[in-house]
Amino acid sequence: MFAVVLVGGFGTRLRPLTNTTPKPLLPLGQRTILEWMLTHLARGEVTDAVLALGFKPEPFLAAFPDNTCAGVRLHYAIESTPLDTAGAIGFAARSVGLHERNETFVVANGDIVTELSIADLVSAHRDNVQAGALATIHLTPVADPTQFGVVERDAQSKVTGFLEKPAPGTTTSVHVNAGTYVFEPAVLDLLPGDAPLSVERTTFPQLVQRGALYAQPTEDYWLDAGRPETYRRGNLDLINGSRRDRDDAVHATAQVDAAARIVNSVIGAGARVAAGAQVNDSVIFPGASVGRNARVSAACVMGNVASEAVVHDSLVAD
Ligand code: GTP
């Protein structure tokens, strides 16, 4: 099965980290956000993924020189101007001929971290197709839905309302668009892929009007890693035992001085933490360094923290 993975956004909320590294290639534990995503897609029987690229495509091509990741064959569709989410899906799907293959396919936002079973979502979608679905979207419950696309649905899981970032009090639903979809090829008729178009603001409301959008809520681990706070949490959740997926806190090639103190933090490959330094609740990127007696807390460090420096609640670029 094919998947289209949206990885072409600017990642503005994670600047300055994304000034040099696109968001999906930022570390998550000892891998990248995109590697975890592809690992999960592979478990769900996805064999091929088209990366819908726009902003900074080169680092993706360099990251996967043999065009595979987690056993998934990679294809690349590079937009010359940003096409927004629906435009990007249409463009990327056509680039591998999905409009001519009569095949159901998966779409995923490249900044989502989840333990959703793609196989279960596809299976629910196939049932929904019998009832007239053209698309099924994964939903997750959140405490404050106003920052998301809120989904209202009937007892048969047919979506009755799709409200992008609604004002407080305008809906009672706590279920939001969780960024993974299963599409019938006919959805591509709505996605010409030649101009900017938003799947959240245009395509989903169009499908709701036709009664062809269905939803599948799950309680699986889920987060949108696109904000500084959630990005850091996504890293720490891999090492603190709160998830099924786990990763090493300290990479085998990291150099942590015996007189440094590391608490609840990810230390990437080749990173260095000098004597007397303290690192709490933080992510030290591959190759980054923390100098003698520095204090780093609640931070993500891509570059170098000087000796004696105090860094708190910050993103430190290279
Ligand atoms: P912010 O700038 O911080 O909002 O991040 P973002 O650029 O990633 O935007 P957002 O999180 O809303 O995007 C959701 C998903 O769609 C992400 O996986 C983006 O990479 C992707 N995306 C957004 N716009 C485009 C686009 O124009 N082209 C492509 N190919 N992908 C896009």
# chains A, B, ... in the order shown; residues from 1 in each chain; ligands from 1
>>> closest_atom_pairs(of="chain A", to="ligand 1", cutoff="10 Å", atoms="only C-alpha atoms and all ligand atoms", output="CSV")
residue,atom,partner,partner_atom_place_in_ligand_line,distance
A:Val4,CA,ligand 1,30 (N),9.6
A:Val5,CA,ligand 1,18 (O),7.3
A:Leu6,CA,ligand 1,18 (O),4.5
A:Val7,CA,ligand 1,20 (O),3.5
A:Gly8,CA,ligand 1,31 (N),3.4
A:Gly9,CA,ligand 1,7 (O),3.1
A:Phe10,CA,ligand 1,7 (O),3.8
A:Gly11,CA,ligand 1,5 (O),3.4
A:Thr12,CA,ligand 1,2 (O),3.7
A:Arg13,CA,ligand 1,3 (O),3.7
A:Leu14,CA,ligand 1,3 (O),6.1
A:Arg15,CA,ligand 1,3 (O),8.0
A:Thr18,CA,ligand 1,3 (O),9.1
A:Pro22,CA,ligand 1,20 (O),8.3
A:Lys23,CA,ligand 1,8 (O),6.9
A:Pro24,CA,ligand 1,20 (O),7.3
A:Leu34,CA,ligand 1,18 (O),9.7
A:Leu51,CA,ligand 1,30 (N),7.6
A:Ala52,CA,ligand 1,30 (N),4.1
A:Leu53,CA,ligand 1,30 (N),4.4
A:Gly54,CA,ligand 1,30 (N),5.0
A:Phe55,CA,ligand 1,28 (N),7.5
A:Pro57,CA,ligand 1,30 (N),9.6
A:Ala77,CA,ligand 1,30 (N),8.0
A:Ile78,CA,ligand 1,30 (N),7.4
A:Glu79,CA,ligand 1,30 (N),6.7
A:Ser80,CA,ligand 1,28 (N),9.6
A:Thr81,CA,ligand 1,27 (O),7.4
A:Pro82,CA,ligand 1,27 (O),3.7
A:Leu83,CA,ligand 1,27 (O),4.2
A:Asp84,CA,ligand 1,27 (O),3.3
A:Thr85,CA,ligand 1,25 (C),5.0
A:Ala86,CA,ligand 1,26 (C),8.3
A:Gly87,CA,ligand 1,28 (N),7.3
A:Ala88,CA,ligand 1,30 (N),4.7
A:Ile89,CA,ligand 1,30 (N),7.4
A:Gly90,CA,ligand 1,30 (N),10.0
A:Phe91,CA,ligand 1,30 (N),8.7
A:Ala92,CA,ligand 1,30 (N),8.0
A:Ala108,CA,ligand 1,18 (O),7.5
A:Asn109,CA,ligand 1,18 (O),4.0
A:Gly110,CA,ligand 1,18 (O),3.8
A:Asp111,CA,ligand 1,18 (O),4.9
A:Ile112,CA,ligand 1,18 (O),7.5
A:Phe148,CA,ligand 1,12 (O),9.9
A:Gly179,CA,ligand 1,14 (C),7.9
A:Ala195,CA,ligand 1,27 (O),9.9
A:Pro196,CA,ligand 1,27 (O),7.2
A:Leu197,CA,ligand 1,27 (O),8.6
A:Ser198,CA,ligand 1,24 (N),8.5
A:Val199,CA,ligand 1,16 (O),9.6
A:Glu200,CA,ligand 1,12 (O),9.7
A:Asp224,CA,ligand 1,11 (O),8.0
A:Ala225,CA,ligand 1,11 (O),8.5
A:Gly226,CA,ligand 1,3 (O),5.8
A:Arg227,CA,ligand 1,3 (O),6.9
A:Pro228,CA,ligand 1,3 (O),9.6
>>> residues_around(residues="Pro205 of chain A", least_positions_apart="5", cutoff="12 Å", atoms="only C-alpha atoms", output="list in words")
Ala135, Gly149, Val150, Val151, Glu152, Val159, Thr160, Gly161, Phe162, Leu163, Glu164, Leu190, Ser198, Val199, Glu200, Arg210, Gly211, Ala212, Leu213 and Tyr214 of chain A
>>> write_last_selection(atoms="C-alpha atoms", output="tab-separated table (two decimals), in the first residue's frame")
chain	number	residue	atom	x	y	z
A	135	ALA	CA	-12.16	8.95	3.28
A	149	GLY	CA	-9.76	20.63	13.52
A	150	VAL	CA	-12.71	19.47	15.64
A	151	VAL	CA	-14.82	16.64	14.26
A	152	GLU	CA	-18.50	15.97	14.99
A	159	VAL	CA	-18.64	13.00	10.03
A	160	THR	CA	-21.38	15.63	10.35
A	161	GLY	CA	-19.19	18.65	11.05
A	162	PHE	CA	-15.54	19.58	10.54
A	163	LEU	CA	-14.66	22.83	12.31
A	164	GLU	CA	-11.07	24.05	11.90
A	190	LEU	CA	-11.04	16.94	-5.45
A	198	SER	CA	-6.19	23.04	2.25
A	199	VAL	CA	-7.45	19.56	3.08
A	200	GLU	CA	-8.68	20.79	6.47
A	210	ARG	CA	-21.37	14.62	0.29
A	211	GLY	CA	-21.71	12.39	3.37
A	212	ALA	CA	-18.45	10.69	2.34
A	213	LEU	CA	-16.16	11.50	5.30
A	214	TYR	CA	-15.95	8.98	8.15
>>> residues_around(residues="Leu139 of chain A", least_positions_apart="3", cutoff="9 Å", atoms="only C-alpha atoms", output="list in words")
Val150, Val151, His175, Val176, Asn177, Ala178, Gly179, Thr180, Ala215, Gln216, Pro217, Thr218 and Glu219 of chain A
>>> closest_residue(among="A:Gly287, A:Gln130, A:Thr172, A:Ser95", to="Asp144 of chain A", atoms="only C-alpha atoms")
A:Thr172
>>> select_by_dssp(residues="segment 183-245 of chain A", states="strand (DSSP E or B)", output="PyMOL selection string")
chain A and resi 183+213-217+222-224
>>> write_last_selection(atoms="all heavy atoms", output="compact mmCIF listing (two decimals), in the first residue's frame")
# COMPACT_ATOMS: atom_id res chain seq x y z
N PHE A 183 -7.63 7.31 2.17
CA PHE A 183 -8.39 7.89 1.05
C PHE A 183 -8.67 6.84 -0.01
O PHE A 183 -7.79 6.03 -0.35
CB PHE A 183 -7.58 9.00 0.37
CG PHE A 183 -7.58 10.34 1.08
CD1 PHE A 183 -8.19 10.51 2.32
CD2 PHE A 183 -6.96 11.43 0.48
CE1 PHE A 183 -8.17 11.75 2.96
CE2 PHE A 183 -6.93 12.67 1.11
CZ PHE A 183 -7.53 12.83 2.35
N LEU A 213 -17.29 11.46 4.38
CA LEU A 213 -16.16 11.50 5.30
C LEU A 213 -16.54 10.75 6.58
O LEU A 213 -17.57 11.06 7.21
CB LEU A 213 -15.78 12.95 5.64
CG LEU A 213 -14.51 13.11 6.49
CD1 LEU A 213 -13.28 12.61 5.75
CD2 LEU A 213 -14.31 14.59 6.87
N TYR A 214 -15.72 9.76 6.94
CA TYR A 214 -15.95 8.98 8.15
C TYR A 214 -14.77 9.16 9.10
O TYR A 214 -13.70 9.61 8.68
CB TYR A 214 -16.15 7.49 7.80
CG TYR A 214 -17.55 7.22 7.30
CD1 TYR A 214 -18.01 7.78 6.11
CD2 TYR A 214 -18.43 6.43 8.03
CE1 TYR A 214 -19.31 7.56 5.66
CE2 TYR A 214 -19.73 6.20 7.59
CZ TYR A 214 -20.16 6.77 6.40
OH TYR A 214 -21.44 6.55 5.98
N ALA A 215 -15.00 8.80 10.37
CA ALA A 215 -13.95 9.04 11.37
C ALA A 215 -13.76 7.82 12.24
O ALA A 215 -14.69 7.04 12.47
CB ALA A 215 -14.35 10.23 12.24
N GLN A 216 -12.53 7.66 12.72
CA GLN A 216 -12.18 6.54 13.58
C GLN A 216 -11.44 7.08 14.80
O GLN A 216 -10.25 7.36 14.72
CB GLN A 216 -11.30 5.56 12.78
CG GLN A 216 -10.81 4.36 13.54
CD GLN A 216 -11.91 3.34 13.79
OE1 GLN A 216 -13.06 3.52 13.37
NE2 GLN A 216 -11.60 2.29 14.51
N PRO A 217 -12.16 7.26 15.94
CA PRO A 217 -11.46 7.73 17.13
C PRO A 217 -10.70 6.59 17.81
O PRO A 217 -11.18 5.46 17.82
CB PRO A 217 -12.59 8.22 18.04
CG PRO A 217 -13.82 7.54 17.54
CD PRO A 217 -13.59 7.07 16.15
N TRP A 222 -0.72 9.79 21.23
CA TRP A 222 -0.75 10.70 20.09
C TRP A 222 -0.21 12.06 20.51
O TRP A 222 -0.58 12.56 21.58
CB TRP A 222 -2.20 10.88 19.60
CG TRP A 222 -2.33 11.80 18.42
CD1 TRP A 222 -2.27 11.44 17.10
CD2 TRP A 222 -2.53 13.22 18.44
NE1 TRP A 222 -2.41 12.55 16.31
CE2 TRP A 222 -2.58 13.65 17.10
CE3 TRP A 222 -2.68 14.17 19.45
CZ2 TRP A 222 -2.75 14.98 16.74
CZ3 TRP A 222 -2.85 15.50 19.10
CH2 TRP A 222 -2.90 15.90 17.76
N LEU A 223 0.64 12.63 19.72
CA LEU A 223 0.90 14.06 19.87
C LEU A 223 1.37 14.66 18.56
O LEU A 223 1.94 14.00 17.70
CB LEU A 223 1.82 14.40 21.05
CG LEU A 223 3.28 14.03 21.16
CD1 LEU A 223 4.13 14.91 20.28
CD2 LEU A 223 3.71 14.26 22.61
N ASP A 224 1.06 15.95 18.43
CA ASP A 224 1.48 16.76 17.30
C ASP A 224 2.77 17.43 17.75
O ASP A 224 2.75 18.29 18.63
CB ASP A 224 0.37 17.77 17.01
CG ASP A 224 0.81 18.87 16.06
OD1 ASP A 224 2.00 18.91 15.70
OD2 ASP A 224 -0.05 19.68 15.68
>>> closest_residue(among="A:Met1, A:Leu207, A:Leu191, A:Leu17", to="Met302 of chain A", atoms="only C-alpha atoms")
A:Leu17
>>> closest_residue(among="A:Gly97, A:Phe285, A:Asp220, A:His138", to="Ser242 of chain A", atoms="only C-alpha atoms")
A:Asp220
>>> closest_residue(among="A:Arg73, A:Arg292, A:Lys158, A:Arg246", to="His125 of chain A", atoms="only C-alpha atoms")
A:Lys158
>>> residues_around(residues="Val296 of chain A", least_positions_apart="4", cutoff="7 Å", atoms="only C-alpha atoms", output="number ranges by chain")
A: 278-280, 310-312
>>> atom_distance(atom1="atom CA of Ala271 of chain A", atom2="atom CA of Arg243 of chain A")
24.7 Å
>>> residues_around(residues="Asp248 of chain A", least_positions_apart="2", cutoff="12 Å", atoms="only C-alpha atoms", output="ChimeraX atom specification")
/A:28-31,235-241,245-246,250-254,264-269
>>> atom_distance(atom1="atom CA of Gly291 of chain A", atom2="atom CA of Val305 of chain A")
5.8 Å
>>> closest_residue(among="A:Glu45, A:Asp318, A:Asp313, A:Asp189", to="Asn19 of chain A", atoms="only C-alpha atoms")
A:Asp318
>>> select_by_dssp(residues="segment 144-233 of chain A", states="helix (DSSP H, G or I)", output="compact mmCIF listing (two decimals) with N, CA, C and O atoms, in the first residue's frame")
# COMPACT_ATOMS: atom_id res chain seq x y z
N PRO A 145 -9.75 21.58 22.41
CA PRO A 145 -9.85 21.35 20.96
C PRO A 145 -9.73 22.61 20.10
O PRO A 145 -9.66 22.51 18.89
N THR A 146 -9.68 23.80 20.72
CA THR A 146 -9.78 25.03 19.92
C THR A 146 -8.59 25.26 19.00
O THR A 146 -8.65 26.09 18.10
N GLN A 147 -7.49 24.53 19.24
CA GLN A 147 -6.31 24.71 18.37
C GLN A 147 -6.25 23.68 17.25
O GLN A 147 -5.25 23.58 16.55
N PRO A 185 -9.13 6.35 -4.05
CA PRO A 185 -8.52 7.12 -5.14
C PRO A 185 -9.45 8.21 -5.68
O PRO A 185 -8.97 9.24 -6.17
N ALA A 186 -10.78 8.04 -5.54
CA ALA A 186 -11.72 9.05 -6.06
C ALA A 186 -11.57 10.40 -5.37
O ALA A 186 -11.97 11.44 -5.93
N VAL A 187 -10.98 10.43 -4.17
CA VAL A 187 -10.76 11.72 -3.49
C VAL A 187 -9.85 12.61 -4.33
O VAL A 187 -9.93 13.84 -4.29
N LEU A 188 -8.99 11.96 -5.14
CA LEU A 188 -8.05 12.76 -5.94
C LEU A 188 -8.77 13.66 -6.95
O LEU A 188 -8.21 14.65 -7.41
N ASP A 189 -10.04 13.33 -7.28
CA ASP A 189 -10.81 14.23 -8.16
C ASP A 189 -10.97 15.61 -7.52
O ASP A 189 -11.19 16.60 -8.21
N LEU A 190 -10.92 15.65 -6.16
CA LEU A 190 -11.04 16.94 -5.45
C LEU A 190 -9.69 17.61 -5.23
O LEU A 190 -9.63 18.69 -4.66
N VAL A 199 -6.60 20.74 2.85
CA VAL A 199 -7.45 19.56 3.08
C VAL A 199 -8.38 19.82 4.27
O VAL A 199 -9.53 19.39 4.27
N GLU A 200 -7.88 20.55 5.27
CA GLU A 200 -8.68 20.79 6.47
C GLU A 200 -9.80 21.80 6.20
O GLU A 200 -10.91 21.63 6.70
N ARG A 201 -9.48 22.85 5.43
CA ARG A 201 -10.47 23.92 5.26
C ARG A 201 -11.37 23.73 4.05
O ARG A 201 -12.47 24.26 3.99
N THR A 202 -10.93 22.98 3.04
CA THR A 202 -11.73 22.84 1.81
C THR A 202 -12.15 21.39 1.57
O THR A 202 -13.35 21.10 1.46
N THR A 203 -11.20 20.46 1.49
CA THR A 203 -11.54 19.10 1.06
C THR A 203 -12.43 18.39 2.07
O THR A 203 -13.44 17.78 1.70
N PHE A 204 -12.07 18.43 3.36
CA PHE A 204 -12.89 17.73 4.35
C PHE A 204 -14.31 18.31 4.41
O PHE A 204 -15.28 17.54 4.38
N PRO A 205 -14.49 19.65 4.46
CA PRO A 205 -15.88 20.15 4.41
C PRO A 205 -16.63 19.70 3.15
O PRO A 205 -17.82 19.39 3.20
N GLN A 206 -15.94 19.62 2.00
CA GLN A 206 -16.60 19.13 0.77
C GLN A 206 -17.05 17.68 0.94
O GLN A 206 -18.16 17.31 0.55
N LEU A 207 -16.18 16.87 1.54
CA LEU A 207 -16.53 15.45 1.73
C LEU A 207 -17.67 15.31 2.74
O LEU A 207 -18.54 14.43 2.59
N VAL A 208 -17.70 16.18 3.76
CA VAL A 208 -18.79 16.14 4.74
C VAL A 208 -20.12 16.43 4.03
O VAL A 208 -21.12 15.75 4.24
N GLN A 209 -20.11 17.42 3.15
CA GLN A 209 -21.34 17.78 2.41
C GLN A 209 -21.87 16.61 1.60
O GLN A 209 -23.08 16.43 1.48
N PRO A 228 7.15 23.72 20.46
CA PRO A 228 8.32 23.44 21.30
C PRO A 228 8.00 22.51 22.46
O PRO A 228 8.74 21.55 22.73
N GLU A 229 6.90 22.77 23.13
CA GLU A 229 6.58 22.00 24.32
C GLU A 229 6.24 20.54 23.96
O GLU A 229 6.70 19.60 24.61
N THR A 230 5.45 20.36 22.89
CA THR A 230 5.07 18.98 22.52
C THR A 230 6.24 18.24 21.88
O THR A 230 6.36 17.02 22.04
N TYR A 231 7.09 18.97 21.18
CA TYR A 231 8.26 18.32 20.58
C TYR A 231 9.16 17.74 21.68
O TYR A 231 9.60 16.59 21.61
N ARG A 232 9.40 18.53 22.72
CA ARG A 232 10.26 18.06 23.82
C ARG A 232 9.58 16.91 24.55
O ARG A 232 10.18 15.88 24.84
N ARG A 233 8.26 17.04 24.77
CA ARG A 233 7.52 15.97 25.46
C ARG A 233 7.59 14.67 24.65
O ARG A 233 7.75 13.58 25.20
>>> closest_residue(among="A:Asp48, A:Pro168, A:Pro286, A:Ala317", to="Ala299 of chain A", atoms="only C-alpha atoms")
A:Ala317
>>> atom_distance(atom1="atom CA of Ala260 of chain A", atom2="atom CA of Ala294 of chain A")
9.5 Å
